[in-house]
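**Q** Structure file coords00.cif (mmCIF, C-alpha atoms) is given on the next line.
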data_structure
loop_
_atom_site.group_PDB
_atom_site.id
_atom_site.type_symbol
_atom_site.label_atom_id
_atom_site.label_comp_id
_atom_site.auth_asym_id
_atom_site.auth_seq_id
_atom_site.Cartn_x
_atom_site.Cartn_y
_atom_site.Cartn_z
ATOM 1 C CA MET Z 1 -10.869 -11.342 9.724
ATOM 2 C CA ASN Z 2 -13.508 -13.820 8.559
ATOM 3 C CA ILE Z 3 -12.805 -15.581 5.294
ATOM 4 C CA LYS Z 4 -15.114 -17.855 3.383
ATOM 5 C CA ILE Z 5 -13.912 -19.982 0.478
ATOM 6 C CA ILE Z 6 -16.764 -21.185 -1.713
ATOM 7 C CA GLY Z 7 -15.830 -23.877 -4.199
ATOM 8 C CA VAL Z 8 -17.912 -25.830 -6.656
ATOM 9 C CA GLY Z 9 -17.104 -29.521 -6.383
ATOM 10 C CA LYS Z 10 -15.663 -31.610 -3.597
ATOM 11 C CA LEU Z 11 -12.024 -32.242 -2.789
ATOM 12 C CA LYS Z 12 -11.552 -35.946 -3.413
ATOM 13 C CA GLU Z 13 -7.847 -36.735 -3.499
ATOM 14 C CA LYS Z 14 -6.407 -37.423 -0.050
ATOM 15 C CA TYR Z 15 -3.241 -35.408 -0.677
ATOM 16 C CA LEU Z 16 -5.273 -32.305 -1.604
ATOM 17 C CA VAL Z 17 -7.480 -32.708 1.476
ATOM 18 C CA GLN Z 18 -4.344 -32.973 3.632
ATOM 19 C CA ALA Z 19 -2.810 -29.881 2.035
ATOM 20 C CA MET Z 20 -6.014 -27.894 2.630
ATOM 21 C CA GLN Z 21 -6.155 -29.029 6.249
ATOM 22 C CA GLU Z 22 -2.535 -27.968 6.794
ATOM 23 C CA TYR Z 23 -3.047 -24.448 5.414
ATOM 24 C CA LEU Z 24 -6.349 -24.046 7.259
ATOM 25 C CA LYS Z 25 -4.589 -25.036 10.486
ATOM 26 C CA ARG Z 26 -1.836 -22.481 9.838
ATOM 27 C CA LEU Z 27 -4.413 -19.783 9.035
ATOM 28 C CA GLN Z 28 -6.111 -20.145 12.435
ATOM 29 C CA ALA Z 29 -3.566 -17.717 13.891
ATOM 30 C CA TYR Z 30 -4.703 -14.980 11.505
ATOM 31 C CA ALA Z 31 -8.323 -15.471 10.494
ATOM 32 C CA LYS Z 32 -11.425 -17.572 10.884
ATOM 33 C CA VAL Z 33 -11.741 -19.523 7.636
ATOM 34 C CA GLU Z 34 -14.784 -21.446 6.473
ATOM 35 C CA VAL Z 35 -14.712 -23.679 3.405
ATOM 36 C CA ILE Z 36 -18.010 -24.342 1.653
ATOM 37 C CA GLU Z 37 -18.135 -27.063 -0.987
ATOM 38 C CA LEU Z 38 -21.097 -26.914 -3.331
ATOM 39 C CA ALA Z 39 -22.352 -29.641 -5.639
ATOM 40 C CA ASP Z 40 -21.286 -29.345 -9.239
ATOM 41 C CA GLU Z 41 -23.659 -29.997 -12.099
ATOM 42 C CA LYS Z 42 -23.053 -33.135 -14.077
ATOM 43 C CA ALA Z 43 -22.359 -32.258 -17.671
ATOM 44 C CA PRO Z 44 -21.969 -34.360 -20.807
ATOM 45 C CA GLU Z 45 -18.802 -33.995 -22.878
ATOM 46 C CA ASN Z 46 -20.244 -32.026 -25.790
ATOM 47 C CA LEU Z 47 -22.317 -29.143 -24.451
ATOM 48 C CA SER Z 48 -24.136 -26.511 -26.410
ATOM 49 C CA GLU Z 49 -23.656 -22.878 -25.435
ATOM 50 C CA THR Z 50 -27.159 -22.914 -23.923
ATOM 51 C CA GLN Z 51 -26.415 -26.009 -21.834
ATOM 52 C CA MET Z 52 -23.165 -24.450 -20.578
ATOM 53 C CA MET Z 53 -25.010 -21.308 -19.489
ATOM 54 C CA GLN Z 54 -27.696 -23.382 -17.742
ATOM 55 C CA ILE Z 55 -25.052 -25.280 -15.775
ATOM 56 C CA LYS Z 56 -23.178 -22.109 -14.825
ATOM 57 C CA ASP Z 57 -26.453 -20.463 -13.794
ATOM 58 C CA LYS Z 58 -27.446 -23.402 -11.551
ATOM 59 C CA GLU Z 59 -24.024 -23.455 -9.891
ATOM 60 C CA GLY Z 60 -24.157 -19.652 -9.648
ATOM 61 C CA GLU Z 61 -27.466 -19.784 -7.771
ATOM 62 C CA ARG Z 62 -25.912 -22.149 -5.225
ATOM 63 C CA ILE Z 63 -22.925 -19.832 -4.822
ATOM 64 C CA LEU Z 64 -25.007 -16.670 -4.421
ATOM 65 C CA ALA Z 65 -27.177 -18.376 -1.771
ATOM 66 C CA LYS Z 66 -24.053 -18.639 0.431
ATOM 67 C CA ILE Z 67 -23.042 -14.952 0.124
ATOM 68 C CA LYS Z 68 -24.328 -12.295 2.529
ATOM 69 C CA ASP Z 69 -24.932 -8.680 1.514
ATOM 70 C CA GLN Z 70 -22.116 -7.238 3.654
ATOM 71 C CA GLU Z 71 -19.447 -9.656 2.436
ATOM 72 C CA TYR Z 72 -16.687 -8.530 0.072
ATOM 73 C CA VAL Z 73 -16.544 -11.054 -2.770
ATOM 74 C CA ILE Z 74 -13.424 -11.906 -4.758
ATOM 75 C CA ALA Z 75 -14.061 -14.186 -7.725
ATOM 76 C CA LEU Z 76 -11.284 -16.319 -9.153
ATOM 77 C CA ALA Z 77 -11.572 -15.794 -12.879
ATOM 78 C CA ILE Z 78 -9.072 -16.086 -15.700
ATOM 79 C CA GLU Z 79 -9.921 -12.544 -16.852
ATOM 80 C CA GLY Z 80 -9.235 -11.090 -13.386
ATOM 81 C CA LYS Z 81 -6.172 -9.171 -12.259
ATOM 82 C CA ASN Z 82 -3.043 -11.263 -11.767
ATOM 83 C CA PRO Z 83 -1.456 -9.814 -8.614
ATOM 84 C CA SER Z 84 1.873 -10.735 -7.087
ATOM 85 C CA SER Z 85 1.757 -12.358 -3.649
ATOM 86 C CA GLU Z 86 2.782 -9.020 -2.138
ATOM 87 C CA ALA Z 87 0.019 -7.133 -3.989
ATOM 88 C CA PHE Z 88 -2.510 -9.775 -2.916
ATOM 89 C CA ALA Z 89 -1.392 -9.344 0.701
ATOM 90 C CA GLN Z 90 -1.690 -5.564 0.365
ATOM 91 C CA LYS Z 91 -5.244 -5.969 -0.983
ATOM 92 C CA ILE Z 92 -6.265 -8.122 2.003
ATOM 93 C CA GLU Z 93 -4.610 -5.733 4.449
ATOM 94 C CA ASN Z 94 -6.298 -2.694 2.841
ATOM 95 C CA LEU Z 95 -9.702 -4.379 2.963
ATOM 96 C CA GLY Z 96 -9.228 -4.997 6.685
ATOM 97 C CA ILE Z 97 -8.201 -1.369 7.258
ATOM 98 C CA GLN Z 98 -11.321 -0.240 5.362
ATOM 99 C CA GLY Z 99 -13.469 -2.313 7.716
ATOM 100 C CA LYS Z 100 -14.197 -5.056 5.202
ATOM 101 C CA SER Z 101 -13.460 -7.972 7.500
ATOM 102 C CA GLN Z 102 -15.755 -10.515 5.847
ATOM 103 C CA LEU Z 103 -14.115 -11.779 2.665
ATOM 104 C CA VAL Z 104 -15.488 -14.409 0.330
ATOM 105 C CA PHE Z 105 -13.376 -16.100 -2.334
ATOM 106 C CA VAL Z 106 -15.331 -17.932 -5.049
ATOM 107 C CA ILE Z 107 -14.004 -20.742 -7.235
ATOM 108 C CA GLY Z 108 -16.462 -21.847 -9.897
ATOM 109 C CA GLY Z 109 -16.959 -25.211 -11.509
ATOM 110 C CA SER Z 110 -15.199 -26.546 -14.573
ATOM 111 C CA LEU Z 111 -17.136 -24.166 -16.848
ATOM 112 C CA GLY Z 112 -16.362 -21.080 -14.785
ATOM 113 C CA LEU Z 113 -18.608 -18.627 -12.984
ATOM 114 C CA SER Z 114 -22.041 -17.397 -13.994
ATOM 115 C CA PRO Z 115 -22.548 -13.782 -15.060
ATOM 116 C CA ALA Z 116 -24.609 -13.242 -11.877
ATOM 117 C CA VAL Z 117 -21.696 -14.310 -9.651
ATOM 118 C CA MET Z 118 -19.272 -12.152 -11.622
ATOM 119 C CA GLN Z 119 -21.630 -9.194 -11.263
ATOM 120 C CA ARG Z 120 -21.938 -9.764 -7.486
ATOM 121 C CA SER Z 121 -18.174 -9.929 -7.049
ATOM 122 C CA ASN Z 122 -16.346 -6.830 -5.858
ATOM 123 C CA ALA Z 123 -13.072 -7.922 -7.445
ATOM 124 C CA GLN Z 124 -11.696 -10.654 -9.679
ATOM 125 C CA ILE Z 125 -8.270 -12.222 -9.442
ATOM 126 C CA SER Z 126 -6.490 -14.679 -11.661
ATOM 127 C CA PHE Z 127 -3.628 -17.046 -10.988
ATOM 128 C CA GLY Z 128 -2.591 -16.691 -14.614
ATOM 129 C CA LYS Z 129 -3.732 -17.713 -18.060
ATOM 130 C CA MET Z 130 -3.082 -21.416 -17.453
ATOM 131 C CA THR Z 131 -5.944 -23.727 -16.559
ATOM 132 C CA PHE Z 132 -5.665 -25.502 -13.217
ATOM 133 C CA PRO Z 133 -7.838 -28.269 -11.774
ATOM 134 C CA HIS Z 134 -10.457 -26.670 -9.531
ATOM 135 C CA GLN Z 135 -9.493 -28.906 -6.618
ATOM 136 C CA LEU Z 136 -5.844 -27.851 -6.863
ATOM 137 C CA MET Z 137 -6.916 -24.214 -7.220
ATOM 138 C CA ARG Z 138 -8.584 -24.397 -3.821
ATOM 139 C CA VAL Z 139 -5.301 -25.498 -2.235
ATOM 140 C CA MET Z 140 -3.347 -22.835 -4.146
ATOM 141 C CA LEU Z 141 -5.767 -20.111 -3.033
ATOM 142 C CA THR Z 142 -5.598 -21.210 0.601
ATOM 143 C CA GLU Z 143 -1.795 -21.224 0.456
ATOM 144 C CA GLN Z 144 -1.780 -17.716 -1.026
ATOM 145 C CA ILE Z 145 -4.125 -16.444 1.694
ATOM 146 C CA TYR Z 146 -1.764 -17.918 4.304
ATOM 147 C CA ARG Z 147 1.234 -16.399 2.513
ATOM 148 C CA ALA Z 148 -0.567 -13.032 2.453
ATOM 149 C CA PHE Z 149 -0.998 -13.023 6.227
ATOM 150 C CA ARG Z 150 2.671 -13.947 6.701
ATOM 151 C CA ILE Z 151 3.605 -10.987 4.472
ATOM 152 C CA ILE Z 152 1.191 -8.636 6.296
ATOM 153 C CA HIS Z 153 2.739 -9.588 9.658
ATOM 154 C CA ASN Z 154 6.336 -9.362 8.346
ATOM 155 C CA GLN Z 155 6.922 -13.016 9.136
ATOM 156 C CA PRO Z 156 9.258 -15.299 7.179
ATOM 157 C CA TYR Z 157 7.829 -17.770 4.646
ATOM 158 C CA HIS Z 158 7.080 -15.947 1.432
ATOM 159 C CA LYS Z 159 10.590 -15.610 -0.036
#
Starting from the file, give its structure as structure tokens.
**A**
Amino acid sequence: MNIKIIGVGKLKEKYLVQAMQEYLKRLQAYAKVEVIELADEKAPENLSETQMMQIKDKEGERILAKIKDQEYVIALAIEGKNPSSEAFAQKIENLGIQGKSQLVFVIGGSLGLSPAVMQRSNAQISFGKMTFPHQLMRVMLTEQIYRAFRIIHNQPYHK
């Protein structure tokens, strides 16, 4: 399986970079994973609704430029489904069985994802109603993808 993780913003903290590297190393046994970091738009503190949409649209254009037509896109969005780790693993396994071996996970910037990215996505998942830093979310997603493959292969780790 080929997995692409597209994230707006760059991982800066050393401990988050190390955590990502560890999960990416572990994932090598199961899938080819590519991480694409895209520039985020600088935004002042008090934004108008129009300015927020402009920023999301610019970031959205960058995201969409990295997605190919045949790829199955899963957007991380607070309004998405909130699956258990087992249900997430089942989703990944089912996609592979259906021949959808090119998955793309998208993590937007601090303002979220543009309507165009949401429309392009084939599915949306949420890690809950809480707000998490986008850098930490990238590590959490990578860990959950690793956990999913452990579950799929009936290997210990996920309990």
**Q** Running the PyMOL selection byres ((chain Z and resi 140-148) around 8) on this model by hand, what would come out? Give it as a count of residues only.
**A** 21
**Q** Can you tell me, as a PyMOL selection string, what residues are no more than 12 Å from Z:Glu79 when counting all atoms listed in the file, ignoring any on the same chain fewer than 3 positions away?
**A** chain Z and resi 75-76+82+112-113+118+123-131
**Q** Residues as selected, C-alpha atoms, written as a short mmCIF file (atom, residue, chain, number, x, y, z; two decimals), keeping the file's coordinate frame, can you do that?
**A**
data_model
loop_
_atom_site.label_atom_id
_atom_site.label_comp_id
_atom_site.auth_asym_id
_atom_site.auth_seq_id
_atom_site.Cartn_x
_atom_site.Cartn_y
_atom_site.Cartn_z
CA ALA Z 75 -14.06 -14.19 -7.72
CA LEU Z 76 -11.28 -16.32 -9.15
CA ASN Z 82 -3.04 -11.26 -11.77
CA GLY Z 112 -16.36 -21.08 -14.78
CA LEU Z 113 -18.61 -18.63 -12.98
CA MET Z 118 -19.27 -12.15 -11.62
CA ALA Z 123 -13.07 -7.92 -7.44
CA GLN Z 124 -11.70 -10.65 -9.68
CA ILE Z 125 -8.27 -12.22 -9.44
CA SER Z 126 -6.49 -14.68 -11.66
CA PHE Z 127 -3.63 -17.05 -10.99
CA GLY Z 128 -2.59 -16.69 -14.61
CA LYS Z 129 -3.73 -17.71 -18.06
CA MET Z 130 -3.08 -21.42 -17.45
CA THR Z 131 -5.94 -23.73 -16.56
#
**Q** Just to confirm, what's the straight-line distance from atom CA of Z:Asp69 to atom CA of Z:Lys56 in Å (one decimal)?
**A** 21.2 Å
**Q** Between Z:Ala43, Z:Ala65, Z:Ala29, Z:Ile36, which has the minimum distance to Z:Leu111 (counting only C-alpha atoms)?
**A**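 For Z:Leu111, the nearest of the given residues is Z:Ala43.
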**Q** Take atom CA of Z:Ile97 and atom CA of Z:Val73 and report the distance between them in Å, one decimal.
**A** 16.2 Å
**Q** Would you kindly return, as a list of chain:residue names, each protein, DNA or RNA residue with an atom no farther than 10 Å from any atom of Z:Val8, considering all atoms listed in the file and excluding same-chain residues fewer than 4 positions away?
**A**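 Near Z:Val8, the qualifying residues are Z:Ile36, Z:Glu37, Z:Leu38, Z:Ala39, Z:Asp40, Z:Glu41, Z:Glu59, Z:Gly60, Z:Arg62, Z:Ile63, Z:Val106, Z:Ile107, Z:Gly108, Z:Gly109, Z:Ser110, Z:Gly112, Z:Leu113, Z:His134, Z:Gln135, Z:Arg138.
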**Q** Emit as AutoDock Vina command-line options the padded axis-aligned box for all listed atoms of stretch 121-134 of chain Z, 4 Å per side, with centre and edge lengths in Å to one decimal.
**A**
--center_x -10.4 --center_y -17.5 --center_z -12.0 --size_x 23.6 --size_y 29.4 --size_z 20.2
**Q** Check the smallest atom-to-atom distance from each of Z:Ile55, Z:Leu95, Z:Ala19, Z:Leu103 to Z:Pro115 using all atoms listed in the file, then report the winner.
**A** Z:Ile55
**Q** Which of these, Z:Gln102, Z:Ser84, Z:Thr50, Z:Ser114, has the shortest distance to Z:Leu64 once you count only C-alpha atoms?
**A** Z:Ser114
**Q** Counting all atoms listed in the file, figure out which residue out of Z:Gln155, Z:Lys100, Z:Pro44, Z:Val35 gets nearest to Z:Gly7.
**A**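 Of Z:Gln155, Z:Lys100, Z:Pro44, Z:Val35, the one nearest Z:Gly7 is Z:Val35, counting all atoms listed in the file.
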**Q** Atom CA of Z:Lys68 to atom CA of Z:Ala116: how many Å, to one decimal?
**A**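 Those two atoms sit 14.4 Å apart.
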**Q** Z:Leu16, Z:Met52, Z:Val117, Z:Val104: which is nearest Z:Met1, counting all atoms listed in the file?
**A**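 Nearest candidate to Z:Met1 out of Z:Leu16, Z:Met52, Z:Val117, Z:Val104: Z:Val104.
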**Q** From the list Z:His153, Z:Lys42, Z:Lys25, Z:Lys66, which residue is nearest Z:Ile6 when using only C-alpha atoms?
**A**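 Of the candidates, the smallest distance to Z:Ile6 is held by Z:Lys66.
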**Q** Any chance you could model N, CA and C atoms for stretch 78-94 of chain Z and send them as a compact mmCIF listing (two decimals), in the coordinates of the input?
**A**
# COMPACT_ATOMS: atom_id res chain seq x y z
N ILE Z 78 -10.24 -16.21 -14.83
CA ILE Z 78 -9.07 -16.09 -15.70
C ILE Z 78 -8.91 -14.66 -16.23
N GLU Z 79 -10.02 -13.92 -16.35
CA GLU Z 79 -9.92 -12.54 -16.85
C GLU Z 79 -9.65 -11.53 -15.74
N GLY Z 80 -9.50 -11.99 -14.50
CA GLY Z 80 -9.24 -11.09 -13.39
C GLY Z 80 -7.81 -10.58 -13.38
N LYS Z 81 -7.53 -9.69 -12.42
CA LYS Z 81 -6.17 -9.17 -12.26
C LYS Z 81 -5.27 -10.28 -11.75
N ASN Z 82 -4.01 -10.24 -12.14
CA ASN Z 82 -3.04 -11.26 -11.77
C ASN Z 82 -2.01 -10.64 -10.82
N PRO Z 83 -2.36 -10.51 -9.53
CA PRO Z 83 -1.46 -9.81 -8.61
C PRO Z 83 -0.28 -10.68 -8.18
N SER Z 84 0.77 -10.03 -7.75
CA SER Z 84 1.87 -10.74 -7.09
C SER Z 84 1.38 -11.13 -5.70
N SER Z 85 2.12 -11.99 -5.02
CA SER Z 85 1.76 -12.36 -3.65
C SER Z 85 1.75 -11.13 -2.74
N GLU Z 86 2.71 -10.24 -2.95
CA GLU Z 86 2.78 -9.02 -2.14
C GLU Z 86 1.58 -8.11 -2.39
N ALA Z 87 1.19 -7.96 -3.65
CA ALA Z 87 0.02 -7.13 -3.99
C ALA Z 87 -1.27 -7.76 -3.44
N PHE Z 88 -1.36 -9.07 -3.48
CA PHE Z 88 -2.51 -9.78 -2.92
C PHE Z 88 -2.58 -9.53 -1.41
N ALA Z 89 -1.44 -9.61 -0.74
CA ALA Z 89 -1.39 -9.34 0.70
C ALA Z 89 -1.81 -7.91 0.99
N GLN Z 90 -1.34 -6.98 0.19
CA GLN Z 90 -1.69 -5.56 0.36
C GLN Z 90 -3.19 -5.36 0.20
N LYS Z 91 -3.80 -6.06 -0.76
CA LYS Z 91 -5.24 -5.97 -0.98
C LYS Z 91 -6.00 -6.44 0.26
N ILE Z 92 -5.61 -7.58 0.81
CA ILE Z 92 -6.26 -8.12 2.00
C ILE Z 92 -6.08 -7.18 3.18
N GLU Z 93 -4.87 -6.67 3.35
CA GLU Z 93 -4.61 -5.73 4.45
C GLU Z 93 -5.46 -4.46 4.29
N ASN Z 94 -5.51 -3.90 3.09
CA ASN Z 94 -6.30 -2.69 2.84
C ASN Z 94 -7.78 -2.92 3.10
